[in-house]
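A.B. asks: Mind looking over this structure? Questions follow.
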Amino acid sequence: MGELKQVTLYTDGACSGNPGAGGWGAVLLFGEHRLEISDGEAETTNNRMELMAVICGLERLKFPCHVDIYSDSAYVVNAFLQDWIGGWERGGWKKADKKPVLNADLWQRLLTLTRVHEVIFHKVKGHADNELNNRCDELARAAIEKFRGIG
């Protein structure tokens with residue numbers, strides 16, 4: 001098997017009200033190629049949009065890749081870096097207090113994708129001077145406007 005292609009994925013999610021209209025944005029970088037994607041939902045939460053940004057970015061990849069994922073969401077990044085997700089999976093998608101894990105449907109989709117690709121999560125500071133994170137925020141906020149007033 002050859003060496004995995006290197007991809008960089010920046011993601012962000014946003015919500016107007018929580019819950020409320022939400023949007024997500026992602027920027028995929030592969031060599032000289034750049035792809036910007038975004039979408040949203042009429043009634044959702046910020047955390048769901050953060051997860052959808054990563055999921056939809058990874059789902060765009062046509063073959064297994066090495067992916068550096070940059071997100072300003074501690075919720076998403078820490079689930080992997082601190083292995084919350086492993087504990088949730090082993091515990092039948094229940095938290096330590098035996099309550100169901102929120103957004104288990106999306107966590108399961110994301111976990112499946114992280115087993116296809118070799119991923120490394122990186123936490124970035126939100127709304128700072130990171131150009132690509134700021135672009136994802138713009139994409140997410142623009143997507144909200146398509147869904148505002150629909151829910």
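Lettering and numbering for the structure tokens are positional, with chains as A, B, ... in the shown order, residues counted from 1 in each chain, and ligands counted from 1 in the shown order.
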For the contact check between region 44-133 of chain A and region 15-39 of chain A, emit one row per residue of region 44-133 of chain A within 6 Å, containing the shortest atom pair and the distance in Å rounded to one decimal, counting only C-alpha atoms, chain then rising number order, as JSON lines.
C.D. replies:
{"residue": "A:Thr44", "atom": "CA", "partner": "A:Pro19", "partner_atom": "CA", "distance": 5.1}
{"residue": "A:Thr45", "atom": "CA", "partner": "A:Pro19", "partner_atom": "CA", "distance": 4.6}
{"residue": "A:Asn46", "atom": "CA", "partner": "A:Cys15", "partner_atom": "CA", "distance": 5.0}
{"residue": "A:Met49", "atom": "CA", "partner": "A:Trp24", "partner_atom": "CA", "distance": 5.3}
{"residue": "A:Ala53", "atom": "CA", "partner": "A:Trp24", "partner_atom": "CA", "distance": 5.3}
A.B. asks: Taking C-alpha atoms for each residue, export the selection above as a PDB file, in the first residue's frame.
C.D. replies:
ATOM      1  CA  THR A  44     -29.894  22.446  15.475  1.00  0.00           C
ATOM      2  CA  THR A  45     -27.153  23.177  18.016  1.00  0.00           C
ATOM      3  CA  ASN A  46     -23.674  24.627  17.766  1.00  0.00           C
ATOM      4  CA  MET A  49     -22.756  21.942  13.463  1.00  0.00           C
ATOM      5  CA  ALA A  53     -18.289  20.302   9.515  1.00  0.00           C
TER       6      ALA A  53
END
A.B. asks: Could you name the residues that touch region 101-109 of chain A at 8 Å or less, counting only C-alpha atoms, but leaving out those on the same chain fewer than 5 positions away, as a PyMOL selection string?
C.D. replies: chain A and resi 48+51-52+55+85+88+93-95
A.B. asks: Okay, now the selection with C-alpha atoms, as an mmCIF file, in the first residue's frame?
C.D. replies:
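Here's the written file selection19.cif:
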data_model
loop_
_atom_site.group_PDB
_atom_site.id
_atom_site.type_symbol
_atom_site.label_atom_id
_atom_site.label_comp_id
_atom_site.auth_asym_id
_atom_site.auth_seq_id
_atom_site.Cartn_x
_atom_site.Cartn_y
_atom_site.Cartn_z
ATOM 1 C CA ARG A 48 -23.973 19.425 16.022
ATOM 2 C CA LEU A 51 -19.433 17.844 14.224
ATOM 3 C CA MET A 52 -21.120 18.118 10.810
ATOM 4 C CA ILE A 55 -17.964 14.748 9.076
ATOM 5 C CA ILE A 85 -15.024 8.890 22.338
ATOM 6 C CA TRP A 88 -18.354 6.441 25.113
ATOM 7 C CA TRP A 93 -22.707 5.521 24.137
ATOM 8 C CA LYS A 94 -23.433 6.416 27.746
ATOM 9 C CA LYS A 95 -21.455 8.948 29.757
#
A.B. asks: For CA of Val116 (chain A) and CA of Leu4 (chain A), determine how far apart the two atoms are, in Å to one decimal place.
C.D. replies: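 Between CA of Val116 (chain A) and CA of Leu4 (chain A) the gap is 11.3 Å.
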A.B. asks: What does the distance from CA of Val7 (chain A) to CA of Glu59 (chain A) come to in Å, to one decimal?
C.D. replies: 12.6 Å
A.B. asks: Give me, as CSV, each residue of region 47-89 of chain A that comes within 12 Å of region 126-147 of chain A, together with its shortest interatomic pair and the distance in Å at one decimal, counting only C-alpha atoms, with rows ordered by chain and rising residue number.
C.D. replies:
residue,atom,partner,partner_atom,distance
A:Met49,CA,A:Ala140,CA,8.5
A:Glu50,CA,A:Ala140,CA,9.5
A:Met52,CA,A:Ala140,CA,10.8
A:Ala53,CA,A:Ala140,CA,8.8
A:Val54,CA,A:Cys136,CA,11.2
A:Gly57,CA,A:Cys136,CA,11.4
A:Ile69,CA,A:Asn133,CA,10.9
A:Tyr70,CA,A:Asn133,CA,7.7
A:Ser71,CA,A:Asn133,CA,7.3
A:Asp72,CA,A:Gly126,CA,5.0
A:Ser73,CA,A:Gly126,CA,8.0
A:Ala74,CA,A:Gly126,CA,10.1
A.B. asks: Would you write out those residues with C-alpha atoms, as a PDB file, in the first residue's frame?
C.D. replies:
ATOM      1  CA  MET A  49     -22.756  21.942  13.463  1.00  0.00           C
ATOM      2  CA  GLU A  50     -19.154  21.611  14.685  1.00  0.00           C
ATOM      3  CA  MET A  52     -21.120  18.118  10.810  1.00  0.00           C
ATOM      4  CA  ALA A  53     -18.289  20.302   9.515  1.00  0.00           C
ATOM      5  CA  VAL A  54     -15.726  17.587  10.274  1.00  0.00           C
ATOM      6  CA  GLY A  57     -15.221  17.382   5.153  1.00  0.00           C
ATOM      7  CA  ILE A  69      -8.063  18.504  11.181  1.00  0.00           C
ATOM      8  CA  TYR A  70      -8.074  22.025  12.612  1.00  0.00           C
ATOM      9  CA  SER A  71     -11.077  23.045  14.710  1.00  0.00           C
ATOM     10  CA  ASP A  72     -11.779  25.679  17.344  1.00  0.00           C
ATOM     11  CA  SER A  73     -14.254  23.295  19.026  1.00  0.00           C
ATOM     12  CA  ALA A  74     -12.899  21.878  22.279  1.00  0.00           C
TER      13      ALA A  74
END
A.B. asks: So that each row is one residue of region 101-120 of chain A with an atom at most 8 Å from region 60-68 of chain A, can you give its shortest atom pair and the distance in Å to one decimal, using only C-alpha atoms, rows by chain and rising number, as a tab-separated table?
C.D. replies:
residue	atom	partner	partner_atom	distance
A:Val116	CA	A:Pro64	CA	5.8
A:His117	CA	A:Pro64	CA	4.8
A:Glu118	CA	A:His66	CA	4.6
A:Val119	CA	A:Val67	CA	4.7
A:Ile120	CA	A:Asp68	CA	5.0
A.B. asks: I need the strand (DSSP E) residues of chain A per DSSP on the backbone, written as number ranges by chain.
C.D. replies: A: 5-17, 20-30, 33-44, 65-71, 118-123
A.B. asks: So that I can check the secondary structure, give me every residue of region 55-148 of chain A assigned helix (DSSP H, G or I) by backbone DSSP, as a PyMOL selection string.
C.D. replies: chain A and resi 55-59+74-81+84-90+104-116+131-147
